[in-house]
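Undergrad: File follows, work.tsv with TSV, C-alpha atoms:
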chain	number	residue	atom	x	y	z
A	25	MET	CA	16.17	7.87	16.66
A	26	LEU	CA	14.34	7.69	13.36
A	27	GLY	CA	11.98	10.51	12.51
A	28	TYR	CA	8.55	9.61	11.15
A	29	VAL	CA	6.35	11.68	8.85
A	30	ILE	CA	2.83	10.41	8.16
A	31	ALA	CA	1.52	12.00	4.96
A	32	THR	CA	-1.97	11.10	3.75
A	33	HIS	CA	-5.18	12.30	2.19
A	34	GLY	CA	-7.38	14.41	4.49
A	35	GLN	CA	-7.15	13.80	8.21
A	36	LEU	CA	-6.11	10.15	7.97
A	37	ALA	CA	-2.56	10.92	9.15
A	38	ALA	CA	-3.81	12.72	12.26
A	39	GLY	CA	-6.29	9.92	12.94
A	40	LEU	CA	-3.62	7.25	12.63
A	41	LEU	CA	-1.31	9.07	15.04
A	42	ASP	CA	-4.21	9.59	17.45
A	43	ALA	CA	-4.89	5.84	17.42
A	44	VAL	CA	-1.19	5.00	17.84
A	45	GLU	CA	-0.96	7.29	20.86
A	46	LEU	CA	-4.14	5.83	22.36
A	47	ILE	CA	-2.54	2.38	22.21
A	48	ALA	CA	1.18	3.07	22.64
A	49	GLY	CA	1.34	6.44	24.42
A	50	LYS	CA	2.59	9.85	23.35
A	51	GLN	CA	5.15	9.74	20.54
A	52	GLU	CA	8.01	12.04	19.63
A	53	ARG	CA	9.86	12.79	16.41
A	54	VAL	CA	6.68	12.41	14.38
A	55	ALA	CA	4.78	14.82	12.14
A	56	VAL	CA	1.48	14.45	10.34
A	57	ILE	CA	0.56	16.13	7.09
A	58	GLY	CA	-2.86	15.86	5.48
A	59	LEU	CA	-3.64	16.80	1.89
A	60	ASN	CA	-6.95	18.66	2.00
A	61	HIS	CA	-9.32	19.92	-0.72
A	62	ASP	CA	-7.93	23.45	-0.83
A	63	ASP	CA	-4.24	22.46	-0.73
A	64	SER	CA	-2.10	22.60	-3.81
A	65	ILE	CA	0.27	19.73	-4.49
A	66	GLU	CA	3.16	22.21	-4.40
A	67	GLU	CA	2.19	23.39	-0.89
A	68	PHE	CA	1.81	19.82	0.31
A	69	THR	CA	5.17	18.82	-1.17
A	70	GLY	CA	6.78	21.87	0.45
A	71	LYS	CA	5.39	20.94	3.88
A	72	LEU	CA	6.58	17.38	3.43
A	73	GLN	CA	10.04	18.53	2.41
A	74	GLU	CA	10.25	20.79	5.50
A	75	GLU	CA	9.34	17.94	7.85
A	76	ILE	CA	11.82	15.52	6.26
A	77	GLU	CA	14.58	18.11	6.53
A	78	ARG	CA	13.62	19.00	10.12
A	79	PHE	CA	13.85	15.40	11.33
A	80	GLY	CA	16.80	14.68	9.05
A	81	THR	CA	19.07	16.97	11.05
A	82	ASP	CA	19.11	14.36	13.84
A	83	GLY	CA	18.93	11.09	11.92
A	84	GLU	CA	17.18	9.20	9.21
A	85	VAL	CA	13.49	9.53	8.34
A	86	ILE	CA	10.66	7.28	7.19
A	87	VAL	CA	7.73	8.83	5.33
A	88	PHE	CA	4.51	6.83	5.63
A	89	THR	CA	1.93	7.42	2.88
A	90	ASP	CA	-1.51	5.94	2.32
A	91	MET	CA	-1.68	4.86	-1.34
A	92	LEU	CA	0.82	3.89	-4.01
A	93	GLY	CA	0.72	6.34	-6.90
A	94	ALA	CA	-1.56	8.84	-5.12
A	95	SER	CA	-0.69	12.49	-4.44
A	96	PRO	CA	0.89	12.10	-0.95
A	97	TYR	CA	3.07	9.27	-2.23
A	98	ASN	CA	3.97	11.21	-5.40
A	99	SER	CA	4.89	14.24	-3.28
A	100	ALA	CA	7.19	12.06	-1.17
A	101	VAL	CA	8.79	10.74	-4.36
A	102	LYS	CA	9.34	14.34	-5.50
A	103	CYS	CA	11.11	14.99	-2.20
A	104	VAL	CA	13.72	12.37	-3.14
A	105	GLY	CA	15.01	14.89	-5.69
A	106	LEU	CA	14.49	17.95	-3.47
A	107	VAL	CA	15.92	16.90	-0.10
A	108	ARG	CA	19.69	16.83	0.19
A	109	ASN	CA	21.84	15.28	2.90
A	110	VAL	CA	18.98	13.36	4.53
A	111	THR	CA	18.55	9.62	4.27
A	112	PHE	CA	14.89	8.73	4.11
A	113	ARG	CA	12.58	5.98	2.96
A	114	VAL	CA	9.09	6.31	1.50
A	115	MET	CA	6.56	3.67	2.48
A	116	THR	CA	3.02	3.29	1.20
A	117	GLY	CA	-0.04	1.25	2.11
A	118	THR	CA	0.38	2.41	5.69
A	119	ASN	CA	-1.89	0.82	8.25
A	120	LEU	CA	-2.29	1.07	12.02
A	121	GLY	CA	-0.53	-2.22	12.74
A	122	MET	CA	2.49	-1.12	10.73
A	123	LEU	CA	2.68	2.22	12.52
A	124	ILE	CA	2.36	0.75	16.01
A	125	GLU	CA	5.15	-1.70	15.22
A	126	GLY	CA	7.24	1.17	13.86
A	127	PHE	CA	6.92	3.21	17.02
A	128	LEU	CA	7.49	0.24	19.34
A	129	GLN	CA	10.46	-1.11	17.39
A	130	ARG	CA	12.00	2.36	17.20
A	131	GLU	CA	12.24	2.29	21.01
A	132	ILE	CA	13.47	-1.31	21.17
A	133	HIS	CA	15.99	-0.91	18.33
A	134	PRO	CA	17.24	2.71	18.31
A	135	GLU	CA	20.22	1.53	16.27
A	136	TRP	CA	18.05	0.52	13.30
A	137	GLU	CA	18.40	2.68	10.24
A	138	ALA	CA	15.55	3.58	7.90
A	139	GLU	CA	16.32	0.73	5.50
A	140	GLU	CA	16.21	-1.95	8.20
A	141	MET	CA	13.08	-0.52	9.81
A	142	SER	CA	11.21	-0.16	6.52
A	143	SER	CA	11.98	-3.76	5.56
A	144	PHE	CA	10.69	-4.96	8.94
A	145	LEU	CA	7.55	-2.81	8.66
A	146	ILE	CA	6.66	-4.07	5.18
A	147	LYS	CA	6.51	-7.58	6.62
A	148	LYS	CA	4.51	-6.48	9.68
A	149	GLY	CA	2.12	-4.39	7.61
A	150	LYS	CA	1.33	-7.33	5.35
A	151	GLU	CA	0.86	-9.63	8.34
A	152	SER	CA	-1.70	-7.26	9.85
A	153	VAL	CA	-4.01	-7.56	6.84
A	154	THR	CA	-6.17	-10.67	7.13
A	155	GLU	CA	-9.75	-11.93	7.29
A	156	LEU	CA	-11.61	-13.61	10.18
A	157	TYR	CA	-12.36	-16.97	8.52
A	158	HIS	CA	-8.83	-17.21	7.20
A	159	GLU	CA	-7.54	-16.81	10.77
A	160	ILE	CA	-10.04	-19.39	12.10
A	161	SER	CA	-8.87	-21.84	9.43
A	162	LYS	CA	-5.22	-21.27	10.42
A	163	MET	CA	-6.06	-21.90	14.10
A	164	LYS	CA	-7.93	-25.12	13.25
A	165	SER	CA	-5.04	-26.35	11.11
A	166	ALA	CA	-2.54	-25.57	13.86
A	167	SER	CA	-4.57	-27.54	16.44
A	168	ASN	CA	-4.70	-30.69	14.27
As structure tokens, please, write out the structure in this file.
TA:
Amino acid sequence: MLGYVIATHGQLAAGLLDAVELIAGKQERVAVIGLNHDDSIEEFTGKLQEEIERFGTDGEVIVFTDMLGASPYNSAVKCVGLVRNVTFRVMTGTNLGMLIEGFLQREIHPEWEAEEMSSFLIKKGKESVTELYHEISKMKSASN
């Protein structure tokens, strides 16, 4: 089973996991790491590396980050050069819909590797971003 690490600014990671578990139940093989005001980037990167390596002993890992080019994402990119013998993917732009799909699909498709799951989740994450009137317009078009 894939391991998941949610790495974000502040308490967003913990909040996202809390929401996932409210909707989809208690999850396993998941860690959350928040970058707080007093944390150094080196400490954050070290924690992230530890979690990737911990889950990597039993399979592949996906790291979910909040923003492209921001510190949690950059720390995950640094881990690409630090972590040995673990296959992992780094995703960014993480949203609740993407995470819920990731946890549900991990149960449905335990054979999926990180590459297949991350490709699926990019599509699902994009689909979960929309706007009310756009959706109403789509429904009206479909009914005609």
Undergrad: Tell me which residues come within 7 Å of (19.1, 12.0, 17.9), as a list in words, counting only C-alpha atoms in the file's coordinates.
TA: Met25, Asp82 and Gly83 of chain A
Undergrad: Compare A:Cys103, A:Val110, A:Ala37, A:Val153 by their minimum atom-to-atom distance to Gly58 (chain A), counting only C-alpha atoms, and give me the closest one.
TA: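 That would be A:Ala37, the residue with the smallest distance to Gly58 (chain A).
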Undergrad: Enclose the full set of atoms of region 45-49 of chain A listed in the file within a box whose edges lie along x, y and z, apply 3 Å of padding to each of the six sides, and report centre and edge lengths in Å to one decimal as JSON.
TA:
{"center_x": -1.4, "center_y": 4.8, "center_z": 22.6, "size_x": 11.5, "size_y": 10.9, "size_z": 9.6}
Undergrad: Select, from A:Asn109, A:Asn119, A:Gln73, A:Asn60, the residue with the minimum atom-to-atom distance to Ser95 (chain A), counting only C-alpha atoms.
TA: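 Distance minimum relative to Ser95 (chain A) lands on A:Asn60.
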Undergrad: Hey, which bits of region 77-152 of chain A sit within 9 Å of region 42-50 of chain A, and for each residue what's the closest pair of atoms and how far apart in Å (one decimal), counting only C-alpha atoms, rows by chain and increasing number, as a tab-separated table?
TA:
residue	atom	partner	partner_atom	distance
A:Leu120	CA	A:Val44	CA	7.1
A:Gly121	CA	A:Val44	CA	8.9
A:Leu123	CA	A:Val44	CA	7.1
A:Ile124	CA	A:Val44	CA	5.8
A:Phe127	CA	A:Ala48	CA	8.0
A:Leu128	CA	A:Ala48	CA	7.7
Undergrad: Would you save region 71-84 of chain A to a file, keeping all heavy atoms, as a short mmCIF file (atom, residue, chain, number, x, y, z; two decimals), in the first residue's frame?
TA:
data_model
loop_
_atom_site.label_atom_id
_atom_site.label_comp_id
_atom_site.auth_asym_id
_atom_site.auth_seq_id
_atom_site.Cartn_x
_atom_site.Cartn_y
_atom_site.Cartn_z
N LYS A 71 12.46 16.28 8.67
CA LYS A 71 11.24 15.56 9.06
C LYS A 71 10.60 14.89 7.84
O LYS A 71 10.15 13.75 7.91
CB LYS A 71 10.23 16.52 9.69
CG LYS A 71 10.60 17.03 11.06
CD LYS A 71 9.53 18.01 11.54
CE LYS A 71 9.97 18.80 12.74
NZ LYS A 71 8.99 19.84 13.12
N LEU A 72 10.57 15.61 6.76
CA LEU A 72 9.98 15.08 5.53
C LEU A 72 10.77 13.87 5.04
O LEU A 72 10.19 12.83 4.69
CB LEU A 72 9.94 16.19 4.47
CG LEU A 72 9.27 15.87 3.15
CD1 LEU A 72 7.86 15.33 3.33
CD2 LEU A 72 9.25 17.12 2.28
N GLN A 73 12.07 13.99 5.05
CA GLN A 73 12.93 12.87 4.64
C GLN A 73 12.68 11.65 5.52
O GLN A 73 12.55 10.52 5.01
CB GLN A 73 14.40 13.28 4.71
CG GLN A 73 15.35 12.17 4.31
CD GLN A 73 16.82 12.57 4.42
OE1 GLN A 73 17.14 13.73 4.68
NE2 GLN A 73 17.69 11.61 4.21
N GLU A 74 12.57 11.84 6.82
CA GLU A 74 12.31 10.73 7.75
C GLU A 74 11.00 10.02 7.43
O GLU A 74 10.93 8.79 7.43
CB GLU A 74 12.26 11.23 9.20
CG GLU A 74 13.59 11.61 9.77
CD GLU A 74 13.47 12.26 11.15
OE1 GLU A 74 12.41 12.09 11.81
OE2 GLU A 74 14.42 12.93 11.56
N GLU A 75 9.96 10.79 7.16
CA GLU A 75 8.65 10.19 6.86
C GLU A 75 8.67 9.44 5.53
O GLU A 75 8.10 8.35 5.42
CB GLU A 75 7.54 11.23 6.89
CG GLU A 75 7.30 11.84 8.25
CD GLU A 75 6.82 10.84 9.30
OE1 GLU A 75 6.46 9.69 8.98
OE2 GLU A 75 6.81 11.23 10.49
N ILE A 76 9.31 10.00 4.54
CA ILE A 76 9.42 9.30 3.24
C ILE A 76 10.15 7.99 3.42
O ILE A 76 9.72 6.94 2.93
CB ILE A 76 10.13 10.19 2.20
CG1 ILE A 76 9.27 11.42 1.86
CG2 ILE A 76 10.45 9.38 0.94
CD1 ILE A 76 10.01 12.48 1.06
N GLU A 77 11.25 8.02 4.15
CA GLU A 77 12.03 6.80 4.36
C GLU A 77 11.26 5.79 5.21
O GLU A 77 11.34 4.58 4.97
CB GLU A 77 13.38 7.15 4.99
CG GLU A 77 14.29 7.87 4.00
CD GLU A 77 15.56 8.41 4.62
OE1 GLU A 77 15.64 8.54 5.86
OE2 GLU A 77 16.48 8.74 3.84
N ARG A 78 10.51 6.26 6.20
CA ARG A 78 9.73 5.36 7.06
C ARG A 78 8.69 4.60 6.24
O ARG A 78 8.59 3.38 6.33
CB ARG A 78 9.06 6.15 8.17
CG ARG A 78 8.20 5.30 9.10
CD ARG A 78 7.79 6.08 10.34
NE ARG A 78 6.85 7.14 10.07
CZ ARG A 78 5.53 7.04 10.22
NH1 ARG A 78 5.00 5.91 10.62
NH2 ARG A 78 4.75 8.07 9.98
N PHE A 79 7.93 5.31 5.42
CA PHE A 79 6.92 4.64 4.61
C PHE A 79 7.54 3.88 3.44
O PHE A 79 6.98 2.91 2.96
CB PHE A 79 5.89 5.65 4.08
CG PHE A 79 4.97 6.16 5.14
CD1 PHE A 79 4.79 7.52 5.31
CD2 PHE A 79 4.29 5.30 5.99
CE1 PHE A 79 3.93 8.01 6.28
CE2 PHE A 79 3.43 5.77 6.97
CZ PHE A 79 3.25 7.13 7.12
N GLY A 80 8.69 4.33 2.99
CA GLY A 80 9.35 3.70 1.85
C GLY A 80 9.88 2.32 2.13
O GLY A 80 10.19 1.58 1.19
N THR A 81 9.97 1.93 3.39
CA THR A 81 10.42 0.57 3.70
C THR A 81 9.39 -0.47 3.29
O THR A 81 9.74 -1.63 3.09
CB THR A 81 10.74 0.40 5.20
OG1 THR A 81 9.55 0.64 5.96
CG2 THR A 81 11.86 1.33 5.64
N ASP A 82 8.13 -0.07 3.16
CA ASP A 82 7.05 -1.00 2.82
C ASP A 82 6.37 -0.69 1.51
O ASP A 82 5.28 -1.19 1.24
CB ASP A 82 5.99 -1.00 3.93
CG ASP A 82 6.52 -1.53 5.25
OD1 ASP A 82 7.32 -2.48 5.22
OD2 ASP A 82 6.13 -0.99 6.28
N GLY A 83 6.94 0.15 0.68
CA GLY A 83 6.31 0.47 -0.60
C GLY A 83 6.64 1.88 -1.04
O GLY A 83 7.47 2.56 -0.45
N GLU A 84 5.97 2.29 -2.07
CA GLU A 84 6.19 3.61 -2.64
C GLU A 84 5.43 4.67 -1.85
O GLU A 84 4.54 4.36 -1.06
CB GLU A 84 5.81 3.62 -4.11
CG GLU A 84 6.67 2.69 -4.94
CD GLU A 84 6.36 2.73 -6.41
OE1 GLU A 84 5.34 3.31 -6.83
OE2 GLU A 84 7.17 2.18 -7.16
#
